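Data block for start.json (JSON, C-alpha atoms):
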[["chain", "number", "residue", "atom", "x", "y", "z"],
["A", 1, "MET", "CA", 83.23, 195.87, 118.05],
["A", 2, "THR", "CA", 82.35, 192.84, 120.16],
["A", 3, "LEU", "CA", 81.47, 189.42, 118.82],
["A", 4, "ALA", "CA", 77.77, 189.95, 119.58],
["A", 5, "GLN", "CA", 77.80, 193.15, 117.49],
["A", 6, "ALA", "CA", 79.70, 191.60, 114.57],
["A", 7, "PRO", "CA", 77.78, 191.48, 111.30],
["A", 8, "HIS", "CA", 76.14, 188.19, 110.47],
["A", 9, "GLY", "CA", 77.81, 186.06, 107.81],
["A", 10, "PHE", "CA", 78.63, 182.56, 106.64],
["A", 11, "LEU", "CA", 81.67, 182.33, 108.94],
["A", 12, "SER", "CA", 79.66, 183.06, 112.09],
["A", 13, "PRO", "CA", 76.71, 180.64, 112.02],
["A", 14, "THR", "CA", 74.12, 180.63, 114.77],
["A", 15, "GLY", "CA", 72.90, 177.53, 116.59],
["A", 16, "VAL", "CA", 69.75, 177.44, 114.46],
["A", 17, "GLU", "CA", 71.81, 177.49, 111.27],
["A", 18, "ILE", "CA", 74.04, 174.66, 112.53],
["A", 19, "ALA", "CA", 70.95, 172.62, 113.45],
["A", 20, "PHE", "CA", 69.47, 173.39, 110.02],
["A", 21, "LEU", "CA", 72.63, 172.09, 108.33],
["A", 22, "LEU", "CA", 72.80, 168.91, 110.45],
["A", 23, "VAL", "CA", 69.10, 168.08, 109.92],
["A", 24, "GLY", "CA", 69.57, 168.78, 106.21],
["A", 25, "LEU", "CA", 72.44, 166.28, 106.03],
["A", 26, "VAL", "CA", 70.35, 163.63, 107.81],
["A", 27, "THR", "CA", 67.43, 164.32, 105.45],
["A", 28, "LEU", "CA", 69.70, 164.07, 102.41],
["A", 29, "GLY", "CA", 71.14, 160.77, 103.67],
["A", 30, "ALA", "CA", 67.64, 159.36, 104.26],
["A", 31, "ALA", "CA", 66.59, 160.43, 100.76],
["A", 32, "LEU", "CA", 69.63, 158.71, 99.25],
["A", 33, "VAL", "CA", 68.90, 155.49, 101.15],
["A", 34, "THR", "CA", 65.25, 155.73, 100.00],
["A", 35, "VAL", "CA", 66.20, 155.62, 96.33],
["A", 36, "THR", "CA", 69.09, 153.14, 96.63],
["A", 37, "THR", "CA", 67.66, 150.41, 98.88],
["A", 38, "ARG", "CA", 66.27, 147.28, 97.24],
["A", 39, "GLN", "CA", 63.66, 146.60, 99.92],
["A", 40, "LEU", "CA", 60.46, 148.45, 99.11],
["A", 41, "VAL", "CA", 59.15, 148.58, 102.68],
["A", 42, "HIS", "CA", 62.50, 149.93, 103.93],
["A", 43, "ALA", "CA", 62.38, 152.56, 101.16],
["A", 44, "ALA", "CA", 58.95, 153.69, 102.37],
["A", 45, "LEU", "CA", 60.18, 153.90, 105.98],
["A", 46, "TRP", "CA", 63.28, 155.88, 104.97],
["A", 47, "LEU", "CA", 60.93, 158.18, 103.06],
["A", 48, "VAL", "CA", 59.22, 158.88, 106.40],
["A", 49, "VAL", "CA", 62.60, 159.95, 107.83],
["A", 50, "ALA", "CA", 63.31, 162.21, 104.82],
["A", 51, "LEU", "CA", 59.87, 163.86, 104.93],
["A", 52, "GLY", "CA", 60.09, 164.24, 108.72],
["A", 53, "GLY", "CA", 63.47, 165.93, 108.29],
["A", 54, "LEU", "CA", 61.86, 168.42, 105.91],
["A", 55, "ALA", "CA", 59.22, 169.16, 108.55],
["A", 56, "VAL", "CA", 61.98, 169.88, 111.09],
["A", 57, "GLU", "CA", 63.62, 172.21, 108.56],
["A", 58, "TYR", "CA", 60.35, 174.11, 108.20],
["A", 59, "LEU", "CA", 60.13, 174.42, 112.00],
["A", 60, "LEU", "CA", 63.67, 175.82, 112.11],
["A", 61, "LEU", "CA", 62.60, 178.41, 109.51],
["A", 62, "THR", "CA", 59.69, 179.46, 111.81],
["A", 63, "ALA", "CA", 57.06, 178.09, 109.42],
["A", 64, "GLU", "CA", 55.19, 175.88, 111.85],
["A", 65, "PHE", "CA", 52.00, 175.67, 109.78],
["A", 66, "ILE", "CA", 53.89, 174.32, 106.74],
["A", 67, "ALA", "CA", 55.78, 171.93, 109.05],
["A", 68, "TRP", "CA", 52.55, 170.44, 110.42],
["A", 69, "VAL", "CA", 51.03, 170.26, 106.95],
["A", 70, "GLN", "CA", 54.16, 168.36, 105.89],
["A", 71, "VAL", "CA", 53.67, 165.90, 108.76],
["A", 72, "LEU", "CA", 49.91, 165.50, 108.29],
["A", 73, "ILE", "CA", 49.76, 165.25, 104.49],
["A", 74, "TYR", "CA", 53.05, 163.66, 103.49],
["A", 75, "VAL", "CA", 54.11, 161.60, 106.51],
["A", 76, "GLY", "CA", 50.59, 160.87, 107.69],
["A", 77, "SER", "CA", 48.82, 160.36, 104.38],
["A", 78, "VAL", "CA", 51.11, 159.81, 101.41],
["A", 79, "VAL", "CA", 53.46, 157.36, 103.13],
["A", 80, "VAL", "CA", 50.57, 155.45, 104.72],
["A", 81, "LEU", "CA", 48.93, 155.32, 101.28],
["A", 82, "LEU", "CA", 52.20, 154.05, 99.81],
["A", 83, "LEU", "CA", 52.46, 151.34, 102.47],
["A", 84, "PHE", "CA", 48.84, 150.31, 101.85],
["A", 85, "GLY", "CA", 49.61, 150.14, 98.13],
["A", 86, "LEU", "CA", 52.61, 147.91, 98.82],
["A", 87, "MET", "CA", 50.51, 145.63, 101.02],
["A", 88, "LEU", "CA", 47.53, 145.47, 98.66],
["A", 89, "THR", "CA", 49.61, 144.69, 95.57],
["A", 90, "LYS", "CA", 51.51, 141.91, 97.37],
["A", 91, "ALA", "CA", 54.91, 143.58, 97.00],
["A", 92, "PRO", "CA", 57.84, 141.43, 98.18],
["A", 93, "ILE", "CA", 58.90, 142.09, 101.75],
["A", 94, "GLY", "CA", 62.58, 141.15, 101.38],
["A", 95, "ARG", "CA", 65.20, 142.20, 98.84],
["A", 96, "SER", "CA", 63.87, 142.71, 95.34],
["A", 97, "PRO", "CA", 66.54, 142.24, 92.68],
["A", 98, "ASP", "CA", 63.98, 142.97, 89.96],
["A", 99, "ALA", "CA", 63.35, 146.44, 91.46],
["A", 100, "ASP", "CA", 66.46, 147.70, 89.64],
["A", 101, "SER", "CA", 65.71, 148.58, 86.01],
["A", 102, "GLY", "CA", 69.34, 148.86, 84.92],
["A", 103, "ASN", "CA", 69.06, 152.58, 84.15],
["A", 104, "ARG", "CA", 71.02, 153.59, 87.23],
["A", 105, "TRP", "CA", 73.52, 155.85, 85.43],
["A", 106, "ALA", "CA", 70.84, 157.64, 83.42],
["A", 107, "ALA", "CA", 68.79, 158.16, 86.60],
["A", 108, "LEU", "CA", 71.87, 159.44, 88.46],
["A", 109, "THR", "CA", 72.67, 161.88, 85.64],
["A", 110, "VAL", "CA", 69.11, 163.24, 85.60],
["A", 111, "ALA", "CA", 69.05, 163.50, 89.41],
["A", 112, "VAL", "CA", 72.36, 165.40, 89.59],
["A", 113, "ALA", "CA", 71.33, 167.74, 86.75],
["A", 114, "SER", "CA", 67.97, 168.41, 88.45],
["A", 115, "ALA", "CA", 69.65, 169.06, 91.81],
["A", 116, "VAL", "CA", 72.16, 171.48, 90.27],
["A", 117, "ALA", "CA", 69.39, 173.34, 88.43],
["A", 118, "LEU", "CA", 67.23, 173.53, 91.56],
["A", 119, "VAL", "CA", 70.09, 174.78, 93.77],
["A", 120, "TRP", "CA", 71.06, 177.33, 91.11],
["A", 121, "VAL", "CA", 67.50, 178.69, 90.78],
["A", 122, "VAL", "CA", 66.90, 178.88, 94.54],
["A", 123, "ALA", "CA", 70.32, 180.45, 95.25],
["A", 124, "ASP", "CA", 69.81, 183.00, 92.48],
["A", 125, "ALA", "CA", 66.29, 183.88, 93.63],
["A", 126, "PHE", "CA", 67.14, 184.24, 97.34],
["A", 127, "ARG", "CA", 70.77, 185.39, 97.14],
["A", 128, "THR", "CA", 70.23, 188.56, 99.18],
["A", 129, "THR", "CA", 67.33, 187.36, 101.34],
["A", 130, "TRP", "CA", 67.96, 186.76, 105.04],
["A", 131, "ILE", "CA", 65.35, 185.35, 107.39],
["A", 132, "ASP", "CA", 65.35, 187.05, 110.77],
["A", 133, "LEU", "CA", 64.91, 184.05, 113.04],
["A", 134, "ASP", "CA", 64.94, 186.23, 116.17],
["A", 135, "GLY", "CA", 62.15, 188.54, 114.96],
["A", 136, "PRO", "CA", 58.41, 187.85, 114.75],
["A", 137, "ALA", "CA", 57.50, 184.58, 113.09],
["A", 138, "ALA", "CA", 56.69, 185.10, 109.41],
["A", 139, "GLY", "CA", 55.20, 181.67, 108.80],
["A", 140, "THR", "CA", 52.57, 181.59, 111.51],
["A", 141, "THR", "CA", 49.36, 179.65, 111.10],
["A", 142, "GLU", "CA", 47.27, 182.80, 110.72],
["A", 143, "VAL", "CA", 49.40, 184.35, 107.97],
["A", 144, "THR", "CA", 49.94, 181.13, 106.04],
["A", 145, "GLY", "CA", 46.33, 179.99, 106.38],
["A", 146, "ALA", "CA", 45.04, 183.33, 105.10],
["A", 147, "SER", "CA", 47.37, 183.17, 102.09],
["A", 148, "LEU", "CA", 46.62, 179.51, 101.43],
["A", 149, "PHE", "CA", 42.84, 179.74, 101.53],
["A", 150, "ARG", "CA", 42.68, 183.10, 99.76],
["A", 151, "HIS", "CA", 44.94, 182.36, 96.79],
["A", 152, "TRP", "CA", 45.60, 178.61, 96.71],
["A", 153, "VAL", "CA", 42.23, 176.96, 97.43],
["A", 154, "LEU", "CA", 41.95, 175.17, 94.07],
["A", 155, "PRO", "CA", 45.41, 173.46, 94.19],
["A", 156, "PHE", "CA", 44.77, 172.53, 97.84],
["A", 157, "GLU", "CA", 41.51, 170.79, 96.90],
["A", 158, "ALA", "CA", 43.11, 169.22, 93.81],
["A", 159, "LEU", "CA", 45.69, 167.60, 96.09],
["A", 160, "SER", "CA", 42.94, 166.01, 98.20],
["A", 161, "VAL", "CA", 41.26, 164.66, 95.03],
["A", 162, "LEU", "CA", 44.64, 163.27, 93.90],
["A", 163, "LEU", "CA", 45.11, 161.43, 97.19],
["A", 164, "LEU", "CA", 41.58, 160.01, 96.97],
["A", 165, "ALA", "CA", 42.19, 158.87, 93.37],
["A", 166, "ALA", "CA", 45.42, 157.12, 94.42],
["A", 167, "LEU", "CA", 43.59, 155.28, 97.22],
["A", 168, "VAL", "CA", 40.75, 154.19, 94.90],
["A", 169, "GLY", "CA", 43.33, 153.08, 92.29],
["A", 170, "ALA", "CA", 45.14, 150.92, 94.84],
["A", 171, "ILE", "CA", 41.87, 149.25, 95.85],
["A", 172, "VAL", "CA", 40.87, 148.63, 92.19],
["A", 173, "LEU", "CA", 44.28, 147.09, 91.43],
["A", 174, "SER", "CA", 44.10, 144.80, 94.46],
["A", 175, "ARG", "CA", 40.58, 143.64, 93.61],
["A", 176, "LYS", "CA", 41.54, 142.87, 90.00],
["A", 177, "ALA", "CA", 44.52, 140.83, 91.21],
["A", 178, "LYS", "CA", 42.30, 138.90, 93.65],
["A", 179, "ALA", "CA", 39.68, 138.24, 90.95],
["A", 180, "GLY", "CA", 42.42, 136.92, 88.62],
["A", 181, "ASP", "CA", 43.79, 134.65, 91.35],
["A", 182, "GLN", "CA", 40.35, 133.25, 92.12],
["A", 183, "ALA", "CA", 39.61, 132.61, 88.42],
["A", 184, "GLY", "CA", 42.85, 130.65, 88.11],
["A", 185, "ASP", "CA", 42.10, 128.57, 91.20],
["A", 186, "LEU", "CA", 38.71, 127.32, 90.03],
["A", 187, "PRO", "CA", 38.64, 123.60, 89.14],
["A", 188, "ALA", "CA", 37.96, 122.66, 85.55],
["A", 189, "ALA", "CA", 34.41, 121.56, 84.62],
["A", 190, "PRO", "CA", 33.96, 117.76, 84.74],
["A", 191, "GLY", "CA", 32.92, 117.33, 81.09],
["A", 192, "LYS", "CA", 35.75, 119.46, 79.65],
["A", 193, "GLU", "CA", 38.67, 117.16, 80.62],
["A", 194, "GLY", "CA", 37.26, 114.15, 78.79],
["A", 195, "ALA", "CA", 36.74, 116.15, 75.61],
["A", 196, "ARG", "CA", 40.47, 116.95, 75.37]]
What's the structure tokens form of this structure?
Amino acid sequence: MTLAQAPHGFLSPTGVEIAFLLVGLVTLGAALVTVTTRQLVHAALWLVVALGGLAVEYLLLTAEFIAWVQVLIYVGSVVVLLLFGLMLTKAPIGRSPDADSGNRWAALTVAVASAVALVWVVADAFRTTWIDLDGPAAGTTEVTGASLFRHWVLPFEALSVLLLAALVGAIVLSRKAKAGDQAGDLPAAPGKEGAR
């Protein structure tokens, strides 16, 4: 039996699997920097790297429609919305020591427990499933679009309403802050100072 005819396994990874692992490590590193940095703008930019890495992972799994949805909705909309929210609420540009709530160990415990549970569930559900990357693409735009708009129309539209609500909320918060600043900047009435 030649090497080309050998059965596929964990000890004989293909180039796509190696690329998947390397991109996954970069994505994991970007996600860790996102939640550990003390500069909010840098956290948003590292979030772009993490979400872009997920899009590359989808491309490597031959799900190009989901990859482009990831880029358009998350990288193109959610992160831009987050950056607008940071700009409109006058978030500090530099290091923010008050961004740390002091619950780091509790947050780390919850994050590790959630990651272990997620990996366990996914590994148990797909233990015997192999994706044939050399065969016909299973995640094409036609197949995914038909499934999405046949069975998942309501959640898809709910997501668009959620994004719109977040944008309107950011504008309302910024206008309230501006109205409060302008009310504090008004000079006192001339007759009021003498009465005190």
- prompt: Between A:Val79, A:Leu60, A:Leu173, A:Leu21, which has the minimum distance to A:His42 (counting all atoms listed in the file)?
  reply: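 Looking only at the distances to A:His42, the closest residue turns out to be A:Val79.
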field: All residues 12 Å or closer to A:Leu22, only C-alpha atoms, same chain fewer than 4 positions away omitted, as a ChimeraX atom specification
entry: /A:15-18,26-29,53-54,56-57,60
task: Go through A:Ala117, A:Ala31, A:Leu61, A:Leu108 and flag the residue nearest A:Trp130, using all atoms listed in the file for the distances.
output: A:Leu61
- request: Would you kindly return, as a list of chain:residue names, each protein, DNA or RNA residue with an atom no farther than 9 Å from any atom of A:Gly145, considering all atoms listed in the file and excluding same-chain residues fewer than 5 positions away?
  value: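 Final neighbour list, sorted by chain and number: A:Phe65, A:Thr140, A:Arg150.
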